[in-house]
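*Asks:* Below: one structure in structure tokens.
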Amino acid sequence: PGDRPCPHRHPRSCMKCGQGTAALVIRVGDPFCRSCFREYFVHKFRAMLGKNRVIFPGEKVLLAVSGGPASSAMVRQVQEGLSREAAKRLRFIPGLVYVEEGAVRRQSPEQREQTLAQMEALLQATGFPYHLLHLEEALELPPSILQPGPERSGTPGTSGPSYKKAVDSFIQQQRQDGDSGTSLPGHSTQDTPAAPPAPHGLPDPAQTQELLRIFEAAGTATAREELLEMLRTHLIVQTARDRGYNKVMMGESLTRVAIKLLTNLSLGRGAFLAVDTGFTDQRHGDVMVVRPMRDYTAKEIAFYNFFYSVPTVIVPPLFTKRREKLSIHQLVERFLLGLQEEFPSTISTVYRYGGSLWGYWGVGGLGCTHNPHFGCRTGEKLSPEPAKASSESQRCLLCLCGLDTNGGEWGGHWG
């Protein structure tokens, strides 16, 4: 107001290079120019994979793509990481999978076909082999999906020496092949179509009606959210098994992980936070789920996609009945995002310390491997032990985690 200029109108210098003009402020006091932000974004992705060392050279990895900002940014990072110009080149073999969920999102057949066409164009542009699935296909999954698969023979472990041995073997084979760059060892061409793929039609209407009947039987919006996530995960894992993929990458951001953390606590799944929100999820046995985007906030991803024109496809939210209460997932999301607008550190604080508070109070059976004091980085130190089952009879038939029935003085906590 008046003649006083707004202090935020003055250009700020990049905190990293000190020369470029800041294009965005990630957090308070953290301005970045475009080039430094891109370097920061790429480094974080490569560092996450390099630090955990669970994806081995020449291994087939299935990227679960929803069309949203996080999974689309993940695909772009893999594309750039596989290029020969990359400083720390990725060495795994990627494939893409998309699960079309238009039936439970109340899209018309025309809208479903339009979304499917948009997604197929997006997946084709990557040059990776891809698989388009419909949620209705989950109704035809084999009973084996409800049991962990056997460990793959010859799959190296996640320890340091095994990883180093795999890298040395890969480099030696590259040298023998002359590092032509035409293909990676172990690359299977069965997923790459020699000709343009045939158009993907919608499932049979009877299947769609059966799927809708199952979702209608779920009494609350929360139950439908959980059912959708379970069917989607089972369908992706089965696709990975059928196509020979050892790992599945999910594009869950830090914002989504923080929302899931509080949601799971509210649903009584505190004992399983390590597998539901951690970097790795090994409950399926032969297929490991990894979350390489869990250190990115939704804001960082949105700016990256905007600056570098990463295409996305937006789908409507899950259908909610008239006058029905919101699901716990939606309530937690609105609560956290509302706080995030006023307090920019809300998401990171919930992720890093939120679970520790519950562990400190003795609720939820988080199983933190350190003393559950307020300073513990919950997301990094939660133990997956409570999720393991000693036998098939002690395993949940839906999520494959161990039944939380022997909770000591808490009587099983909430689950």
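In the structure tokens, chains take the letters A, B, ... in the order shown, each chain's residues start at 1, and ligands count up from 1 in the order shown.
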If we count only C-alpha atoms and set the cut-off at 12 Å, which residues sit around range 44-48 of chain A, ignoring sequence neighbours fewer than 3 positions away in its own chain? Please answer as a CSV table (one decimal) with N, CA, C and O atoms, in the first residue's frame.
*Replies:*
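Once written, out.csv looks like this:
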chain,number,residue,atom,x,y,z
A,37,PHE,N,17.9,-25.8,-9.2
A,37,PHE,CA,16.8,-26.6,-8.8
A,37,PHE,C,16.8,-27.9,-9.5
A,37,PHE,O,16.5,-29.0,-8.9
A,38,ARG,N,17.0,-27.9,-10.8
A,38,ARG,CA,17.0,-29.1,-11.6
A,38,ARG,C,18.1,-30.0,-11.1
A,38,ARG,O,17.9,-31.2,-10.9
A,39,GLU,N,19.3,-29.5,-10.9
A,39,GLU,CA,20.4,-30.3,-10.3
A,39,GLU,C,20.1,-30.9,-9.0
A,39,GLU,O,20.4,-32.0,-8.7
A,40,TYR,N,19.5,-30.1,-8.1
A,40,TYR,CA,19.0,-30.5,-6.8
A,40,TYR,C,18.0,-31.7,-6.9
A,40,TYR,O,18.1,-32.7,-6.2
A,41,PHE,N,17.1,-31.5,-7.8
A,41,PHE,CA,16.0,-32.5,-8.0
A,41,PHE,C,16.5,-33.8,-8.5
A,41,PHE,O,16.2,-34.9,-8.0
A,51,LYS,N,21.8,-44.7,-2.3
A,51,LYS,CA,22.0,-44.9,-0.8
A,51,LYS,C,21.4,-46.2,-0.4
A,51,LYS,O,21.9,-46.9,0.4
A,52,ASN,N,20.2,-46.6,-0.9
A,52,ASN,CA,19.5,-47.8,-0.5
A,52,ASN,C,20.1,-49.1,-1.2
A,52,ASN,O,19.9,-50.1,-0.6
A,53,ARG,N,20.6,-49.0,-2.4
A,53,ARG,CA,21.2,-50.1,-3.1
A,53,ARG,C,20.3,-51.3,-3.1
A,53,ARG,O,20.7,-52.4,-2.7
A,54,VAL,N,19.1,-51.2,-3.5
A,54,VAL,CA,18.2,-52.3,-3.7
A,54,VAL,C,17.9,-52.7,-5.1
A,54,VAL,O,17.4,-53.7,-5.4
A,55,ILE,N,18.2,-51.8,-6.1
A,55,ILE,CA,18.0,-52.0,-7.5
A,55,ILE,C,19.4,-52.3,-8.1
A,55,ILE,O,20.2,-51.4,-8.1
A,73,ALA,N,6.8,-37.3,-12.9
A,73,ALA,CA,8.2,-36.8,-12.6
A,73,ALA,C,9.1,-38.0,-12.4
A,73,ALA,O,10.3,-37.9,-12.8
A,74,MET,N,8.7,-39.1,-11.8
A,74,MET,CA,9.5,-40.3,-11.6
A,74,MET,C,9.9,-40.9,-12.9
A,74,MET,O,11.1,-41.2,-13.1
A,75,VAL,N,9.0,-40.9,-13.9
A,75,VAL,CA,9.3,-41.5,-15.2
A,75,VAL,C,10.3,-40.6,-15.9
A,75,VAL,O,11.3,-41.1,-16.5
A,76,ARG,N,10.2,-39.3,-15.8
A,76,ARG,CA,11.1,-38.4,-16.4
A,76,ARG,C,12.5,-38.6,-15.8
A,76,ARG,O,13.5,-38.5,-16.5
A,77,GLN,N,12.6,-38.8,-14.5
A,77,GLN,CA,13.9,-39.0,-13.9
A,77,GLN,C,14.6,-40.3,-14.4
A,77,GLN,O,15.8,-40.3,-14.6
A,78,VAL,N,13.8,-41.3,-14.6
A,78,VAL,CA,14.3,-42.6,-15.1
A,78,VAL,C,14.8,-42.4,-16.5
A,78,VAL,O,15.8,-42.9,-16.9
A,80,GLU,N,15.9,-39.7,-18.0
A,80,GLU,CA,17.1,-38.9,-18.0
A,80,GLU,C,18.3,-39.7,-17.4
A,80,GLU,O,19.4,-39.6,-17.9
A,81,GLY,N,18.0,-40.5,-16.4
A,81,GLY,CA,19.0,-41.3,-15.8
A,81,GLY,C,19.6,-42.4,-16.6
A,81,GLY,O,20.7,-42.8,-16.5
A,82,LEU,N,18.8,-42.9,-17.6
A,82,LEU,CA,19.2,-43.9,-18.5
A,82,LEU,C,19.9,-43.4,-19.7
A,82,LEU,O,20.5,-44.2,-20.5
A,86,ALA,N,24.0,-38.9,-18.8
A,86,ALA,CA,23.8,-38.8,-17.4
A,86,ALA,C,25.2,-39.0,-16.7
A,86,ALA,O,25.9,-39.9,-17.0
A,87,ALA,N,25.4,-38.2,-15.6
A,87,ALA,CA,26.6,-38.3,-14.9
A,87,ALA,C,26.7,-39.7,-14.1
A,87,ALA,O,27.7,-40.3,-14.1
A,88,LYS,N,25.6,-40.0,-13.4
A,88,LYS,CA,25.5,-41.3,-12.7
A,88,LYS,C,24.4,-42.1,-13.4
A,88,LYS,O,23.2,-42.1,-12.9
A,89,ARG,N,24.7,-42.8,-14.4
A,89,ARG,CA,23.8,-43.4,-15.3
A,89,ARG,C,23.1,-44.6,-14.5
A,89,ARG,O,23.7,-45.4,-13.9
A,90,LEU,N,21.8,-44.6,-14.7
A,90,LEU,CA,21.0,-45.7,-14.1
A,90,LEU,C,21.2,-47.0,-15.0
A,90,LEU,O,21.3,-46.9,-16.2
A,91,ARG,N,21.2,-48.2,-14.4
A,91,ARG,CA,21.5,-49.4,-15.1
A,91,ARG,C,20.5,-50.4,-15.1
A,91,ARG,O,20.7,-51.6,-15.4
A,251,GLY,N,5.2,-44.0,-7.3
A,251,GLY,CA,5.5,-42.6,-7.3
A,251,GLY,C,4.9,-41.8,-6.1
A,251,GLY,O,4.3,-40.7,-6.3
A,253,SER,N,4.9,-39.3,-3.2
A,253,SER,CA,5.7,-38.2,-2.8
A,253,SER,C,5.7,-38.1,-1.2
A,253,SER,O,5.0,-38.8,-0.5
A,279,PHE,N,10.9,-46.8,2.3
A,279,PHE,CA,11.4,-46.8,0.9
A,279,PHE,C,11.2,-48.2,0.3
A,279,PHE,O,10.9,-48.3,-0.9
A,280,THR,N,11.3,-49.3,1.1
A,280,THR,CA,11.1,-50.6,0.5
A,280,THR,C,9.9,-51.3,1.2
A,280,THR,O,9.7,-51.1,2.4
A,290,VAL,N,9.4,-50.2,-4.2
A,290,VAL,CA,10.2,-49.2,-3.7
A,290,VAL,C,9.5,-47.8,-4.0
A,290,VAL,O,8.8,-47.7,-4.9
A,291,ARG,N,9.9,-46.8,-3.2
A,291,ARG,CA,9.3,-45.5,-3.3
A,291,ARG,C,10.4,-44.4,-3.4
A,291,ARG,O,10.7,-43.8,-2.4
A,292,PRO,N,10.9,-44.2,-4.6
A,292,PRO,CA,12.0,-43.3,-4.8
A,292,PRO,C,11.6,-41.8,-4.7
A,292,PRO,O,12.5,-41.0,-4.6
A,293,MET,N,10.3,-41.5,-4.7
A,293,MET,CA,9.9,-40.1,-4.7
A,293,MET,C,9.5,-39.7,-3.3
A,293,MET,O,9.0,-38.6,-3.2
A,294,ARG,N,9.8,-40.4,-2.3
A,294,ARG,CA,9.3,-40.1,-1.0
A,294,ARG,C,10.0,-39.0,-0.3
A,294,ARG,O,9.6,-38.6,0.8
A,295,ASP,N,11.0,-38.4,-0.9
A,295,ASP,CA,11.7,-37.3,-0.3
A,295,ASP,C,11.3,-36.0,-1.0
A,295,ASP,O,11.8,-34.9,-0.7
A,296,TYR,N,10.4,-36.0,-2.0
A,296,TYR,CA,10.0,-34.8,-2.7
A,296,TYR,C,8.6,-34.4,-2.2
A,296,TYR,O,7.7,-35.2,-2.1
A,297,THR,N,8.5,-33.1,-1.9
A,297,THR,CA,7.2,-32.6,-1.5
A,297,THR,C,6.4,-32.4,-2.8
A,297,THR,O,6.9,-32.3,-3.9
A,300,GLU,N,7.6,-29.3,-4.7
A,300,GLU,CA,8.8,-29.5,-5.5
A,300,GLU,C,8.5,-30.2,-6.8
A,300,GLU,O,9.0,-29.8,-7.9
A,301,ILE,N,7.7,-31.2,-6.8
A,301,ILE,CA,7.3,-31.9,-8.0
A,301,ILE,C,6.5,-31.0,-8.9
A,301,ILE,O,6.7,-31.1,-10.1
*Asks:* Within 10 Å of range 203-221 of chain A, which residues of range 4-108 of chain A show up? Give each one with its shortest atom-to-atom distance in Å (one decimal) and the two atoms involved, counting only C-alpha atoms, rows by chain then rising residue number, as JSON lines.
*Replies:*
{"residue": "A:Gly102", "atom": "CA", "partner": "A:Thr208", "partner_atom": "CA", "distance": 9.9}
{"residue": "A:Ala103", "atom": "CA", "partner": "A:Thr208", "partner_atom": "CA", "distance": 6.6}
{"residue": "A:Val104", "atom": "CA", "partner": "A:Leu212", "partner_atom": "CA", "distance": 6.4}
{"residue": "A:Arg105", "atom": "CA", "partner": "A:Leu212", "partner_atom": "CA", "distance": 9.9}
{"residue": "A:Arg106", "atom": "CA", "partner": "A:Leu212", "partner_atom": "CA", "distance": 9.5}
*Asks:* Using only C-alpha atoms, what does the table of range 73-135 of chain A residues within 10 Å of range 61-65 of chain A look like, with each row giving the shortest atom pair and its distance in Å to one decimal, sorted by chain and ascending number, as a Markdown table?
*Replies:*
| residue | atom | partner | partner_atom | distance |
| --- | --- | --- | --- | --- |
| A:Ala73 | CA | A:Val65 | CA | 9.8 |
| A:Met74 | CA | A:Leu63 | CA | 8.4 |
| A:Val75 | CA | A:Leu63 | CA | 7.4 |
| A:Val78 | CA | A:Leu63 | CA | 9.3 |
| A:Phe92 | CA | A:Val61 | CA | 6.7 |
| A:Ile93 | CA | A:Val61 | CA | 5.9 |
| A:Pro94 | CA | A:Val61 | CA | 4.9 |
| A:Gly95 | CA | A:Leu62 | CA | 4.7 |
| A:Leu96 | CA | A:Leu63 | CA | 4.8 |
| A:Val97 | CA | A:Ala64 | CA | 5.1 |
| A:Tyr98 | CA | A:Val65 | CA | 5.2 |
| A:Val99 | CA | A:Val65 | CA | 7.9 |
| A:Met119 | CA | A:Val65 | CA | 9.1 |
| A:Leu123 | CA | A:Val65 | CA | 8.8 |
| A:Pro129 | CA | A:Leu62 | CA | 9.6 |
| A:Tyr130 | CA | A:Leu62 | CA | 8.9 |
| A:His131 | CA | A:Leu62 | CA | 9.8 |
*Asks:* Dump N, CA, C and O atoms for the selected residues as a PDB file, in the first residue's frame?
*Replies:*
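See selection15.pdb below for the written result:
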ATOM      1  N   ALA A  73       6.813 -37.337 -12.891  1.00  0.00           N
ATOM      2  CA  ALA A  73       8.164 -36.840 -12.616  1.00  0.00           C
ATOM      3  C   ALA A  73       9.127 -38.001 -12.413  1.00  0.00           C
ATOM      4  O   ALA A  73      10.299 -37.930 -12.801  1.00  0.00           O
ATOM      5  N   MET A  74       8.652 -39.084 -11.802  1.00  0.00           N
ATOM      6  CA  MET A  74       9.492 -40.266 -11.604  1.00  0.00           C
ATOM      7  C   MET A  74       9.912 -40.861 -12.948  1.00  0.00           C
ATOM      8  O   MET A  74      11.077 -41.225 -13.136  1.00  0.00           O
ATOM      9  N   VAL A  75       8.978 -40.950 -13.876  1.00  0.00           N
ATOM     10  CA  VAL A  75       9.299 -41.493 -15.199  1.00  0.00           C
ATOM     11  C   VAL A  75      10.321 -40.599 -15.900  1.00  0.00           C
ATOM     12  O   VAL A  75      11.272 -41.091 -16.530  1.00  0.00           O
ATOM     13  N   VAL A  78      13.767 -41.301 -14.560  1.00  0.00           N
ATOM     14  CA  VAL A  78      14.314 -42.560 -15.079  1.00  0.00           C
ATOM     15  C   VAL A  78      14.768 -42.370 -16.525  1.00  0.00           C
ATOM     16  O   VAL A  78      15.831 -42.868 -16.929  1.00  0.00           O
ATOM     17  N   PHE A  92      19.260 -50.098 -14.673  1.00  0.00           N
ATOM     18  CA  PHE A  92      18.210 -51.106 -14.665  1.00  0.00           C
ATOM     19  C   PHE A  92      17.362 -51.009 -15.933  1.00  0.00           C
ATOM     20  O   PHE A  92      17.527 -50.084 -16.744  1.00  0.00           O
ATOM     21  N   ILE A  93      16.476 -51.975 -16.110  1.00  0.00           N
ATOM     22  CA  ILE A  93      15.649 -52.063 -17.312  1.00  0.00           C
ATOM     23  C   ILE A  93      14.216 -51.684 -16.952  1.00  0.00           C
ATOM     24  O   ILE A  93      13.535 -52.437 -16.256  1.00  0.00           O
ATOM     25  N   PRO A  94      13.730 -50.540 -17.393  1.00  0.00           N
ATOM     26  CA  PRO A  94      12.406 -50.074 -16.962  1.00  0.00           C
ATOM     27  C   PRO A  94      11.278 -50.588 -17.833  1.00  0.00           C
ATOM     28  O   PRO A  94      11.440 -50.889 -19.020  1.00  0.00           O
ATOM     29  N   GLY A  95      10.119 -50.702 -17.230  1.00  0.00           N
ATOM     30  CA  GLY A  95       8.859 -50.951 -17.906  1.00  0.00           C
ATOM     31  C   GLY A  95       7.789 -50.134 -17.198  1.00  0.00           C
ATOM     32  O   GLY A  95       7.967 -49.733 -16.040  1.00  0.00           O
ATOM     33  N   LEU A  96       6.691 -49.865 -17.858  1.00  0.00           N
ATOM     34  CA  LEU A  96       5.640 -49.016 -17.301  1.00  0.00           C
ATOM     35  C   LEU A  96       4.336 -49.795 -17.195  1.00  0.00           C
ATOM     36  O   LEU A  96       4.053 -50.668 -18.017  1.00  0.00           O
ATOM     37  N   VAL A  97       3.545 -49.462 -16.182  1.00  0.00           N
ATOM     38  CA  VAL A  97       2.222 -50.057 -16.041  1.00  0.00           C
ATOM     39  C   VAL A  97       1.253 -48.970 -15.599  1.00  0.00           C
ATOM     40  O   VAL A  97       1.587 -48.122 -14.751  1.00  0.00           O
ATOM     41  N   TYR A  98       0.076 -48.973 -16.201  1.00  0.00           N
ATOM     42  CA  TYR A  98      -0.976 -48.016 -15.847  1.00  0.00           C
ATOM     43  C   TYR A  98      -2.267 -48.781 -15.601  1.00  0.00           C
ATOM     44  O   TYR A  98      -2.653 -49.637 -16.411  1.00  0.00           O
ATOM     45  N   VAL A  99      -2.910 -48.499 -14.480  1.00  0.00           N
ATOM     46  CA  VAL A  99      -4.177 -49.139 -14.128  1.00  0.00           C
ATOM     47  C   VAL A  99      -5.293 -48.124 -14.324  1.00  0.00           C
ATOM     48  O   VAL A  99      -5.345 -47.098 -13.635  1.00  0.00           O
ATOM     49  N   MET A 119      -3.234 -41.494 -21.761  1.00  0.00           N
ATOM     50  CA  MET A 119      -2.199 -42.216 -21.048  1.00  0.00           C
ATOM     51  C   MET A 119      -1.345 -43.037 -22.010  1.00  0.00           C
ATOM     52  O   MET A 119      -0.119 -43.118 -21.853  1.00  0.00           O
ATOM     53  N   LEU A 123       2.658 -42.839 -22.385  1.00  0.00           N
ATOM     54  CA  LEU A 123       3.539 -43.982 -22.168  1.00  0.00           C
ATOM     55  C   LEU A 123       4.344 -44.305 -23.421  1.00  0.00           C
ATOM     56  O   LEU A 123       5.526 -44.656 -23.341  1.00  0.00           O
ATOM     57  N   PRO A 129       8.746 -50.242 -22.749  1.00  0.00           N
ATOM     58  CA  PRO A 129       7.596 -51.158 -22.840  1.00  0.00           C
ATOM     59  C   PRO A 129       6.571 -50.813 -21.779  1.00  0.00           C
ATOM     60  O   PRO A 129       6.928 -50.423 -20.659  1.00  0.00           O
ATOM     61  N   TYR A 130       5.307 -50.926 -22.115  1.00  0.00           N
ATOM     62  CA  TYR A 130       4.269 -50.524 -21.173  1.00  0.00           C
ATOM     63  C   TYR A 130       3.110 -51.504 -21.211  1.00  0.00           C
ATOM     64  O   TYR A 130       2.932 -52.266 -22.158  1.00  0.00           O
ATOM     65  N   HIS A 131       2.310 -51.459 -20.149  1.00  0.00           N
ATOM     66  CA  HIS A 131       1.163 -52.348 -19.996  1.00  0.00           C
ATOM     67  C   HIS A 131      -0.018 -51.516 -19.516  1.00  0.00           C
ATOM     68  O   HIS A 131       0.072 -50.817 -18.495  1.00  0.00           O
TER      69      HIS A 131
END
*Asks:* Closest to Phe56 in chain A among A:Arg241, A:Lys247, A:Arg112, A:His329, using only C-alpha atoms?
*Replies:*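 Comparing A:Arg241, A:Lys247, A:Arg112, A:His329 against Phe56 in chain A, the winner is A:Lys247.
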*Asks:* What's the separation between CA of Ser327 in chain A and CA of Gly402 in chain A, in Å to one decimal place?
*Replies:*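 One can read the CA of Ser327 in chain A to CA of Gly402 in chain A distance as 24.9 Å.
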*Asks:* Among range 246-350 of chain A, which ones does DSSP assign to helix (DSSP H, G or I) (computed from the backbone)? Answer as a PyMOL selection string.
*Replies:* chain A and resi 254-266+270-277+298-307+328-342+346-350
*Asks:* Print the selection's residues with C-alpha atoms to a file, as a PDB file, in the first residue's frame.
*Replies:*
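What ended up in part.pdb:
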ATOM      1  CA  LEU A 254       6.627 -36.973   0.705  1.00  0.00           C
ATOM      2  CA  THR A 255       3.243 -35.268   0.914  1.00  0.00           C
ATOM      3  CA  ARG A 256       1.422 -38.500   0.083  1.00  0.00           C
ATOM      4  CA  VAL A 257       3.569 -40.494   2.528  1.00  0.00           C
ATOM      5  CA  ALA A 258       2.829 -38.043   5.354  1.00  0.00           C
ATOM      6  CA  ILE A 259      -0.902 -38.294   4.620  1.00  0.00           C
ATOM      7  CA  LYS A 260      -0.693 -42.082   4.589  1.00  0.00           C
ATOM      8  CA  LEU A 261       1.220 -42.067   7.885  1.00  0.00           C
ATOM      9  CA  LEU A 262      -1.516 -40.240   9.778  1.00  0.00           C
ATOM     10  CA  THR A 263      -4.244 -42.119   7.917  1.00  0.00           C
ATOM     11  CA  ASN A 264      -2.773 -45.471   8.882  1.00  0.00           C
ATOM     12  CA  LEU A 265      -2.519 -44.416  12.503  1.00  0.00           C
ATOM     13  CA  SER A 266      -6.182 -43.459  12.395  1.00  0.00           C
ATOM     14  CA  GLY A 270       0.458 -48.166  13.223  1.00  0.00           C
ATOM     15  CA  ALA A 271       2.388 -51.443  13.401  1.00  0.00           C
ATOM     16  CA  PHE A 272       2.725 -51.515   9.610  1.00  0.00           C
ATOM     17  CA  LEU A 273       3.936 -47.990   8.889  1.00  0.00           C
ATOM     18  CA  ALA A 274       7.374 -49.267   7.911  1.00  0.00           C
ATOM     19  CA  VAL A 275       6.035 -51.295   4.976  1.00  0.00           C
ATOM     20  CA  ASP A 276       3.257 -48.851   4.051  1.00  0.00           C
ATOM     21  CA  THR A 277       5.432 -45.699   3.973  1.00  0.00           C
ATOM     22  CA  ALA A 298       4.206 -31.984  -3.820  1.00  0.00           C
ATOM     23  CA  LYS A 299       5.415 -28.400  -4.262  1.00  0.00           C
ATOM     24  CA  GLU A 300       8.841 -29.468  -5.530  1.00  0.00           C
ATOM     25  CA  ILE A 301       7.275 -31.915  -7.963  1.00  0.00           C
ATOM     26  CA  ALA A 302       4.783 -29.337  -9.226  1.00  0.00           C
ATOM     27  CA  PHE A 303       7.528 -26.797  -9.947  1.00  0.00           C
ATOM     28  CA  TYR A 304       9.721 -29.384 -11.656  1.00  0.00           C
ATOM     29  CA  ASN A 305       6.868 -30.507 -13.909  1.00  0.00           C
ATOM     30  CA  PHE A 306       6.017 -26.894 -14.734  1.00  0.00           C
ATOM     31  CA  PHE A 307       9.589 -25.804 -15.478  1.00  0.00           C
ATOM     32  CA  ILE A 328     -10.446 -40.641   6.624  1.00  0.00           C
ATOM     33  CA  HIS A 329      -7.969 -40.323   3.763  1.00  0.00           C
ATOM     34  CA  GLN A 330      -9.672 -37.163   2.480  1.00  0.00           C
ATOM     35  CA  LEU A 331     -10.030 -35.656   5.953  1.00  0.00           C
ATOM     36  CA  VAL A 332      -6.347 -36.179   6.759  1.00  0.00           C
ATOM     37  CA  GLU A 333      -5.330 -34.790   3.376  1.00  0.00           C
ATOM     38  CA  ARG A 334      -7.416 -31.640   3.811  1.00  0.00           C
ATOM     39  CA  PHE A 335      -6.125 -31.206   7.351  1.00  0.00           C
ATOM     40  CA  LEU A 336      -2.441 -31.509   6.425  1.00  0.00           C
ATOM     41  CA  LEU A 337      -2.632 -29.458   3.236  1.00  0.00           C
ATOM     42  CA  GLY A 338      -4.519 -26.746   5.108  1.00  0.00           C
ATOM     43  CA  LEU A 339      -1.788 -26.586   7.727  1.00  0.00           C
ATOM     44  CA  GLN A 340       0.884 -26.682   5.034  1.00  0.00           C
ATOM     45  CA  GLU A 341      -0.420 -23.432   3.564  1.00  0.00           C
ATOM     46  CA  GLU A 342       0.198 -21.584   6.826  1.00  0.00           C
ATOM     47  CA  THR A 346       4.025 -29.293   8.314  1.00  0.00           C
ATOM     48  CA  ILE A 347       4.474 -32.181   5.868  1.00  0.00           C
ATOM     49  CA  SER A 348       8.136 -32.830   6.642  1.00  0.00           C
ATOM     50  CA  THR A 349       7.481 -32.528  10.383  1.00  0.00           C
ATOM     51  CA  VAL A 350       4.646 -35.059  10.294  1.00  0.00           C
TER      52      VAL A 350
END
*Asks:* Please identify every residue of range 109-150 of chain A that has at least one atom no farther than 10 Å from an atom of range 392-401 of chain A, counting only C-alpha atoms, and for each give the shortest atom pair and the distance in Å to one decimal, arranged by chain then increasing number, as a tab-separated table.
*Replies:*
residue	atom	partner	partner_atom	distance
A:Ile145	CA	A:Leu400	CA	9.5
A:Leu146	CA	A:Leu397	CA	6.0
A:Gln147	CA	A:Leu400	CA	6.9
A:Pro148	CA	A:Leu400	CA	7.3
*Asks:* Between CA of Val289 in chain A and CA of Asn246 in chain A, what is the spacing in Å?
*Replies:*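 Distance between the two atoms: 8.9 Å.
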*Asks:* What residues in range 55-275 of chain A get the DSSP label strand (DSSP E or B)? Please answer as a list in words.
*Replies:*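 Everything in range 55-275 of chain A that counts as strand (DSSP E or B) is Lys60, Val61, Leu62, Leu63, Ala64, Ile93, Pro94, Gly95, Leu96, Val97, Tyr98, Val99, Glu100, Tyr130, His131, Leu132, Leu133, His134, Lys247, Val248 and Met249 of chain A.
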*Asks:* Can you measure CA of Ala70 in chain A to CA of Glu252 in chain A for me? One decimal in Å is fine.
*Replies:*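 About the pair CA of Ala70 in chain A and CA of Glu252 in chain A: they are 6.5 Å apart.
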*Asks:* So which residues touch Val28 in chain A within 12 Å, counting only C-alpha atoms, skipping near sequence neighbours fewer than 5 positions away, as a short mmCIF file (atom, residue, chain, number, x, y, z; two decimals) with C-alpha atoms, in the first residue's frame?
*Replies:*
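And here is the file that came out, part_20.cif:
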data_model
loop_
_atom_site.label_atom_id
_atom_site.label_comp_id
_atom_site.auth_asym_id
_atom_site.auth_seq_id
_atom_site.Cartn_x
_atom_site.Cartn_y
_atom_site.Cartn_z
CA MET A 15 21.24 -20.00 -2.41
CA GLU A 342 0.20 -21.58 6.83
CA PHE A 343 3.14 -23.62 8.13
CA PRO A 344 5.39 -24.79 5.25
CA SER A 345 7.19 -27.39 7.39
#
*Asks:* From the set A:Arg224, A:Ser83, A:Pro150, A:Glu136, which residue has the shortest atom-to-atom contact distance to Lys321 in chain A, counting only C-alpha atoms?
*Replies:*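 Nearest to Lys321 in chain A: A:Arg224.
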*Asks:* Using only C-alpha atoms for the distances, tell me which of A:Arg269, A:Lys325, A:Arg283, A:His43 is nearest to Asp404 in chain A.
*Replies:*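 Closest to Asp404 in chain A, using only C-alpha atoms: A:Arg269.
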